[in-house]
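Heads up, the thing below is written out as structure tokens.
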Amino acid sequence: MQDKELRLALVCYGGISLAIYMHGITKEIWHLARASRAHRDFEPAAGASERVYYALLESIGDEAGLNLRVMVDIVAGASAGGINGVFLAQAVTSGQSLDPLTDLWLEIADVEALLNPEHGPSHRFAKMWAMPIAWMLAGRDSAVNATVEPAARAEVRAKLERFVRSRWFEPPFGGKQLMNMLLDALEAMRDAPAGPRLLPEGQPLDLFVTVTDFRGHPERLRLNSPPEVVETEHRLVFSFSDHGSDGGALGHAAELAFAARATSSFPGAFPPATVAEVDAVLAERGTDWPGRASFLEHALPRQFAAGVADTAPLIDGSVLANAPFRPAIDALRERPARRQIDRRFVFIDPTPGYRIASPGPGPQEGPGFFRTIIGALSELPRQQPIRDNLESLDQRSAQIERMLTIIERIRSEVEGQVESLFGYTLFLDYPTPKRLAAWRARAQQAAASRAGYGHAAYGLLKVEGVADRIATHLNQIADLHGSDRWRRMRTAIGAEIVRRGADDFSTSHTASANPATLDLLRAHDLGFRIRRLRLLARRATELDQDNSRAELAPIRTAIYESLAGYLECQRSDPFLGMRESIRATDCNAAALMDELAARMDLRTLDDETDARLSEGLSQLPRDLRRPMLLAYLGFPFFDIATLPLLRGEGLNEFDPIRVDRISPDDATAIRSGGAAATLKGIQFNNFGAFFSRAYRENDYLWGRLHGADRLVDIILSTLPPGARLAAGRIATIKRELFLAILDEEEPRLKAVPGLFDQLRAEIG
């Protein structure tokens, strides 16, 4: 059976009270991840819906010959999506339950619970002048009557009146209250029964939460004239990682709650978040915060260095980055791989196609004074389309597709070059580590000599790529931020390479490079080794596509086990012992390069790889060993042709990235019509669910159902070409999944009893 990992990089938008709907979706993703882990470990699934996902994975194995593992290893969120992202990531890395967060959204995410007591009306007649506004909004002919079910109208009117009568020109919601709620939910998750981590050992989970620095911090920019300027940057990204360890943690509860609190500081509704507020809440709770200083240095480096981290005001992450694709894309650089990967970016958009002013019949008037200000300050930035992000992913995928096309087109010529170099008798010999190393060296030298002067350009591109990678890696190890610091490090590394004479690829050398250059590449050129193994893994997959070949299992295992060792060298965690020496003001580039090379010890990894590959190749029948050996020995020819296309970089997961959306418009298996036909929280400019428990229950339930609908589609899209489940099986799976969700949630959701009967009738 073919092994494949479906890796989800989840991007959660902001959505104000539609956070409850998004929680339903993220909870469904959590259920799928739990079912997949149980399936991998041959354990029974825990709940009714998880048993359906388990059965789906079983069917894919039985009918399509695919052993599929589903996991979430990257989460990025903004605003309300940031809160959901924090809790989903915590549940995945710790094995804890998401049920306490469900209780938070349903019971506490209410306008009255969120109101700051100091800013609410002090007595019945306070702010009487605002009463007409409340009456206007809640009157017989108002939007409340038009959009709220009769059973919920009294609740909404009462809460709306109290909300409108709250003190104006002060945020009505309390920051400390929200912080306490978030800490309570994290503690409830901690204290509830927990299962195992939902990712395999060594697979890191990375969490990114966007925040807006209201005052901003200075960033230096290089120009021609003047040579340097200072600009104020307001974007911040709080990053967390469990470093791929079962015993690891994303961060202290105070850090996770602070990130969730800061990213959801909706302007005007909540006061800006500050570290001082966190300190005050923790003091009231009698809670310590170990590692406070190191967290602040990492999350707020400029403010920490200036001594103002405690008071820096942070507001909603959606103000500048409502769809945080960029940090999730950057996280791909440190992904391990032990089997074939299907990488998906999945973004949750609760209101696709949202427009600030919906067009009506007839000519449209221009927006008025207040509407223009409100739209410019709040709504327009949040609704900015993600075209730039998708185009970036599309360009990356197109680049990979072009590279694969080039490899396919020149394969026959490269194989001819290898056969002419070694002769047909090569494939009669069983590879040993010594033979494999000798064959590889001979093939590399032949590729260099036959490339002519083009090899010098290729070699210099490799050296430049090595210098870039070393500078980037050292900055990541030391947790140094800003392009200026990277530039200084890169300049020092480049100067040291030149000093060593390690940038000489003159064709006058016998090996097309001088000894110093070869030493540099042997000690630091991770990219070359990773690209070679990726090509070999791709060739094994191609040979396995038409007809599953169990004989390929040993070589596939050898490839991915070897790849894991090299990919580990790209991560920061194994090299944290170098942090202080990198941060030193008088850091020595030569010493850092030598220490990094010694810690990676690529020569030992090369020997171990040769041993694994020779054993794996020797176990292949001759008809499979020949194409695998041709791919391995032909790699230098392929690399000379494709590296310029890759601009000197290796592409870590080697396959095109596909993007999937989960939204009300996409999940139509039960009901069409999008958000307008299913969600209640879209009322009151997306604040609606904060005014009614029934609204929250409705949106949460639809979130789970929509999530289940789309997740089944996404899973099935991973099947190999031509593979499919039996006719009618997909509809049956979705129906069973929907009914299982209704059975699980009906005892909890008491405010919408009629909805369950209605949904069961629609599901059939």
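By order in the structure tokens, chains are A, B, ...; within a chain, residues start at 1; ligands start at 1, following the order shown.
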Determine which residues of region 191-325 of chain A DSSP labels as strand (DSSP E) from the backbone of this structure, then write them out as a compact mmCIF listing (two decimals) with N, CA and C atoms, in the first residue's frame.
# COMPACT_ATOMS: atom_id res chain seq x y z
N ASP A 206 3.87 24.40 14.17
CA ASP A 206 4.18 25.83 14.24
C ASP A 206 2.89 26.63 14.24
N LEU A 207 2.81 27.58 15.15
CA LEU A 207 1.64 28.44 15.31
C LEU A 207 2.07 29.89 15.10
N PHE A 208 1.28 30.62 14.31
CA PHE A 208 1.55 32.03 14.05
C PHE A 208 0.28 32.84 14.31
N VAL A 209 0.43 33.90 15.08
CA VAL A 209 -0.70 34.76 15.43
C VAL A 209 -0.32 36.20 15.07
N THR A 210 -1.12 36.83 14.22
CA THR A 210 -0.81 38.20 13.81
C THR A 210 -1.33 39.20 14.83
N VAL A 211 -0.56 40.25 15.03
CA VAL A 211 -0.88 41.32 15.97
C VAL A 211 -0.48 42.63 15.33
N THR A 212 -1.17 43.70 15.69
CA THR A 212 -0.84 45.03 15.18
C THR A 212 -0.25 45.87 16.31
N ASP A 213 0.97 46.32 16.11
CA ASP A 213 1.65 47.19 17.07
C ASP A 213 1.16 48.62 16.82
N PHE A 214 0.34 49.14 17.72
CA PHE A 214 -0.33 50.41 17.48
C PHE A 214 0.68 51.55 17.30
N ARG A 215 1.67 51.61 18.17
CA ARG A 215 2.67 52.70 18.07
C ARG A 215 3.70 52.41 16.99
N GLY A 216 3.94 51.17 16.70
CA GLY A 216 4.93 50.81 15.70
C GLY A 216 6.33 50.77 16.28
N HIS A 217 7.22 50.18 15.49
CA HIS A 217 8.62 50.09 15.89
C HIS A 217 9.49 50.37 14.67
N PRO A 218 10.68 50.91 14.87
CA PRO A 218 11.51 51.33 13.72
C PRO A 218 12.14 50.14 13.00
N GLU A 219 12.18 50.22 11.69
CA GLU A 219 12.89 49.26 10.85
C GLU A 219 13.73 50.03 9.85
N ARG A 220 14.97 49.58 9.65
CA ARG A 220 15.88 50.26 8.73
C ARG A 220 15.71 49.73 7.31
N LEU A 221 15.75 50.64 6.37
CA LEU A 221 15.66 50.28 4.96
C LEU A 221 16.89 50.81 4.23
N ARG A 222 17.44 50.01 3.31
CA ARG A 222 18.60 50.42 2.53
C ARG A 222 18.13 51.02 1.20
N GLU A 228 20.39 55.04 3.89
CA GLU A 228 19.59 54.34 4.88
C GLU A 228 18.47 55.25 5.37
N VAL A 229 17.28 54.69 5.52
CA VAL A 229 16.15 55.41 6.10
C VAL A 229 15.51 54.53 7.16
N VAL A 230 14.74 55.15 8.02
CA VAL A 230 14.04 54.42 9.07
C VAL A 230 12.54 54.55 8.83
N GLU A 231 11.85 53.41 8.84
CA GLU A 231 10.41 53.37 8.63
C GLU A 231 9.76 52.74 9.85
N THR A 232 8.51 53.10 10.11
CA THR A 232 7.80 52.54 11.24
C THR A 232 6.99 51.33 10.79
N GLU A 233 7.23 50.21 11.42
CA GLU A 233 6.54 48.96 11.10
C GLU A 233 5.51 48.65 12.18
N HIS A 234 4.30 48.30 11.77
CA HIS A 234 3.23 48.01 12.73
C HIS A 234 2.85 46.53 12.76
N ARG A 235 3.30 45.76 11.79
CA ARG A 235 2.93 44.34 11.75
C ARG A 235 3.81 43.53 12.70
N LEU A 236 3.16 42.64 13.42
CA LEU A 236 3.87 41.71 14.30
C LEU A 236 3.29 40.32 14.10
N VAL A 237 4.14 39.32 14.25
CA VAL A 237 3.68 37.93 14.23
C VAL A 237 4.26 37.24 15.46
N PHE A 238 3.38 36.76 16.34
CA PHE A 238 3.82 35.95 17.47
C PHE A 238 3.93 34.51 16.97
N SER A 239 5.11 33.93 17.10
CA SER A 239 5.32 32.57 16.61
C SER A 239 5.61 31.63 17.77
N PHE A 240 5.06 30.43 17.67
CA PHE A 240 5.24 29.38 18.68
C PHE A 240 5.56 28.07 17.96
N SER A 241 6.30 27.19 18.62
CA SER A 241 6.59 25.87 18.06
C SER A 241 6.79 24.88 19.20
N LEU A 314 -1.12 46.76 21.83
CA LEU A 314 -1.29 45.84 20.70
C LEU A 314 -2.78 45.71 20.38
N ILE A 315 -3.11 45.81 19.11
CA ILE A 315 -4.51 45.73 18.70
C ILE A 315 -4.69 44.62 17.68
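Candidate residues A:Met22, A:Ala726, A:Ala694, A:Leu98 were compared for distance to Phe347 (chain A), and the nearest is A:Met22, using only C-alpha atoms.
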key: Residue neighbourhood region 702-717 of chain A, 10 Å, only C-alpha atoms, exclusion window fewer than 5 positions, as an MDAnalysis selection string   = chainID A and resid 6 18:29 31:32 49 53 56:57 60 68:70 342 344 346 348 350 659:671 675 678:679 696:697 723:725 730 733:735 737:739 741:742 745 759
Against region 561-579 of chain A, which residues of region 465-546 of chain A fall within 7 Å? For each one I want the closest pair of atoms and the distance in Å (one decimal), counting only C-alpha atoms, rows by chain and increasing residue number, as JSON lines.
{"residue": "A:Gln476", "atom": "CA", "partner": "A:Ser572", "partner_atom": "CA", "distance": 6.3}
{"residue": "A:Ile477", "atom": "CA", "partner": "A:Ser572", "partner_atom": "CA", "distance": 4.9}
{"residue": "A:Ala478", "atom": "CA", "partner": "A:Arg579", "partner_atom": "CA", "distance": 4.6}
{"residue": "A:Leu526", "atom": "CA", "partner": "A:Tyr566", "partner_atom": "CA", "distance": 6.7}
{"residue": "A:Ile530", "atom": "CA", "partner": "A:Leu563", "partner_atom": "CA", "distance": 6.5}
{"residue": "A:Leu533", "atom": "CA", "partner": "A:Leu563", "partner_atom": "CA", "distance": 6.5}
Generate a file of the selected residues that holds all heavy atoms, formatted as a JSON list (two decimals), in the first residue's frame.
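Just written: part_39.json:
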[["chain", "number", "residue", "atom", "x", "y", "z"],
["A", 476, "GLN", "N", 18.20, 32.38, 12.53],
["A", 476, "GLN", "CA", 17.09, 31.66, 13.14],
["A", 476, "GLN", "C", 17.50, 31.03, 14.46],
["A", 476, "GLN", "O", 16.73, 31.03, 15.43],
["A", 476, "GLN", "CB", 16.58, 30.58, 12.17],
["A", 476, "GLN", "CG", 15.85, 31.15, 10.97],
["A", 476, "GLN", "CD", 15.53, 30.08, 9.93],
["A", 476, "GLN", "OE1", 16.13, 28.99, 9.93],
["A", 476, "GLN", "NE2", 14.61, 30.38, 9.04],
["A", 477, "ILE", "N", 18.69, 30.47, 14.52],
["A", 477, "ILE", "CA", 19.16, 29.87, 15.77],
["A", 477, "ILE", "C", 19.23, 30.91, 16.88],
["A", 477, "ILE", "O", 18.80, 30.67, 18.02],
["A", 477, "ILE", "CB", 20.55, 29.23, 15.56],
["A", 477, "ILE", "CG1", 20.46, 28.04, 14.60],
["A", 477, "ILE", "CG2", 21.16, 28.80, 16.90],
["A", 477, "ILE", "CD1", 21.81, 27.54, 14.12],
["A", 478, "ALA", "N", 19.73, 32.10, 16.55],
["A", 478, "ALA", "CA", 19.88, 33.16, 17.55],
["A", 478, "ALA", "C", 18.60, 33.95, 17.76],
["A", 478, "ALA", "O", 18.56, 34.84, 18.61],
["A", 478, "ALA", "CB", 21.00, 34.10, 17.14],
["A", 526, "LEU", "N", 23.75, 21.47, 2.22],
["A", 526, "LEU", "CA", 22.59, 20.63, 2.52],
["A", 526, "LEU", "C", 21.65, 20.54, 1.33],
["A", 526, "LEU", "O", 21.07, 19.48, 1.06],
["A", 526, "LEU", "CB", 21.82, 21.24, 3.71],
["A", 526, "LEU", "CG", 22.15, 20.76, 5.11],
["A", 526, "LEU", "CD1", 21.41, 21.62, 6.11],
["A", 526, "LEU", "CD2", 21.74, 19.30, 5.27],
["A", 530, "ILE", "N", 19.64, 17.25, -0.22],
["A", 530, "ILE", "CA", 18.19, 17.15, -0.09],
["A", 530, "ILE", "C", 17.53, 17.06, -1.46],
["A", 530, "ILE", "O", 16.62, 16.24, -1.68],
["A", 530, "ILE", "CB", 17.64, 18.35, 0.71],
["A", 530, "ILE", "CG1", 18.08, 18.24, 2.18],
["A", 530, "ILE", "CG2", 16.12, 18.43, 0.62],
["A", 530, "ILE", "CD1", 17.78, 19.47, 3.01],
["A", 533, "LEU", "N", 17.87, 13.47, -2.87],
["A", 533, "LEU", "CA", 16.95, 12.50, -2.28],
["A", 533, "LEU", "C", 15.51, 12.78, -2.68],
["A", 533, "LEU", "O", 14.71, 11.85, -2.85],
["A", 533, "LEU", "CB", 17.10, 12.51, -0.75],
["A", 533, "LEU", "CG", 18.41, 11.90, -0.23],
["A", 533, "LEU", "CD1", 18.57, 12.16, 1.26],
["A", 533, "LEU", "CD2", 18.46, 10.40, -0.52]]
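Of the residues under consideration (A:Ala260, A:Leu114, A:Ala299, A:Ala457), A:Leu114 shows the shortest atom-to-atom contact distance to Phe691 (chain A) when counting only C-alpha atoms.
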key: Spatial neighbours of Gly681 (chain A), max dist 8 Å, only C-alpha atoms, sep filter under 5 positions, as a PyMOL selection string   = chain A and resi 17-18+686-690+695-696+699
May I have the selected residues written with N, CA and C atoms, as a short mmCIF file (atom, residue, chain, number, x, y, z; two decimals), in the first residue's frame?
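Contents of the output file result.cif:
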data_model
loop_
_atom_site.label_atom_id
_atom_site.label_comp_id
_atom_site.auth_asym_id
_atom_site.auth_seq_id
_atom_site.Cartn_x
_atom_site.Cartn_y
_atom_site.Cartn_z
N SER A 17 -17.91 37.81 15.71
CA SER A 17 -18.66 36.75 16.38
C SER A 17 -18.72 35.47 15.56
N LEU A 18 -18.33 35.53 14.29
CA LEU A 18 -18.26 34.30 13.50
C LEU A 18 -17.09 33.42 13.95
N ASN A 686 -21.62 41.28 11.81
CA ASN A 686 -20.88 40.12 12.29
C ASN A 686 -20.70 40.08 13.81
N PHE A 687 -21.42 40.93 14.55
CA PHE A 687 -21.42 40.86 16.02
C PHE A 687 -22.60 40.05 16.54
N GLY A 688 -23.46 39.56 15.64
CA GLY A 688 -24.75 39.00 16.04
C GLY A 688 -24.68 37.89 17.07
N ALA A 689 -23.72 36.97 16.96
CA ALA A 689 -23.69 35.82 17.85
C ALA A 689 -23.34 36.20 19.28
N PHE A 690 -22.77 37.40 19.49
CA PHE A 690 -22.49 37.84 20.86
C PHE A 690 -23.76 38.23 21.61
N TYR A 695 -27.99 31.95 18.68
CA TYR A 695 -27.17 32.25 17.51
C TYR A 695 -25.83 31.51 17.58
N ARG A 696 -25.22 31.50 18.76
CA ARG A 696 -23.92 30.85 18.91
C ARG A 696 -24.04 29.34 18.67
N ASP A 699 -24.48 28.66 14.88
CA ASP A 699 -23.27 28.84 14.08
C ASP A 699 -22.23 27.77 14.39
#
Please provide the set of residues having any atom within 9 Å of Arg583 (chain A), restricted to only C-alpha atoms, with same-chain residues fewer than 6 positions apart removed, written as a short mmCIF file (atom, residue, chain, number, x, y, z; two decimals) with C-alpha atoms, in the first residue's frame.
data_model
loop_
_atom_site.label_atom_id
_atom_site.label_comp_id
_atom_site.auth_asym_id
_atom_site.auth_seq_id
_atom_site.Cartn_x
_atom_site.Cartn_y
_atom_site.Cartn_z
CA ASN A 475 19.86 34.18 12.45
CA ALA A 478 19.88 33.16 17.55
CA ASP A 479 16.28 34.36 17.07
CA LEU A 480 17.51 37.56 15.44
#
message = Give me, as a VMD selection string, all polymer residues having an atom no more than 7 Å from region 618-622 of chain A, counting only C-alpha atoms and skipping those fewer than 4 positions away in the same chain.
response = chain A and resid 430 to 431 551 to 552 614 626
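For the pair CA of Ala540 (chain A) and CA of Leu624 (chain A), the interatomic distance is 8.9 Å.
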inquiry  = With only C-alpha atoms as the counted atoms, please give the residues lying no more than 10 Å from region 403-408 of chain A, apart from itself and same-chain residues fewer than 2 positions off, as a PyMOL selection string.
reply    = chain A and resi 397-401+410-414+535+538+635+637-639+641-643+645-646+654-655
query = Of the candidates A:Phe325, A:Leu701, A:Ala269, A:Leu521, which one gets nearest to Ala740 (chain A) if we count only C-alpha atoms?
reply = A:Leu701
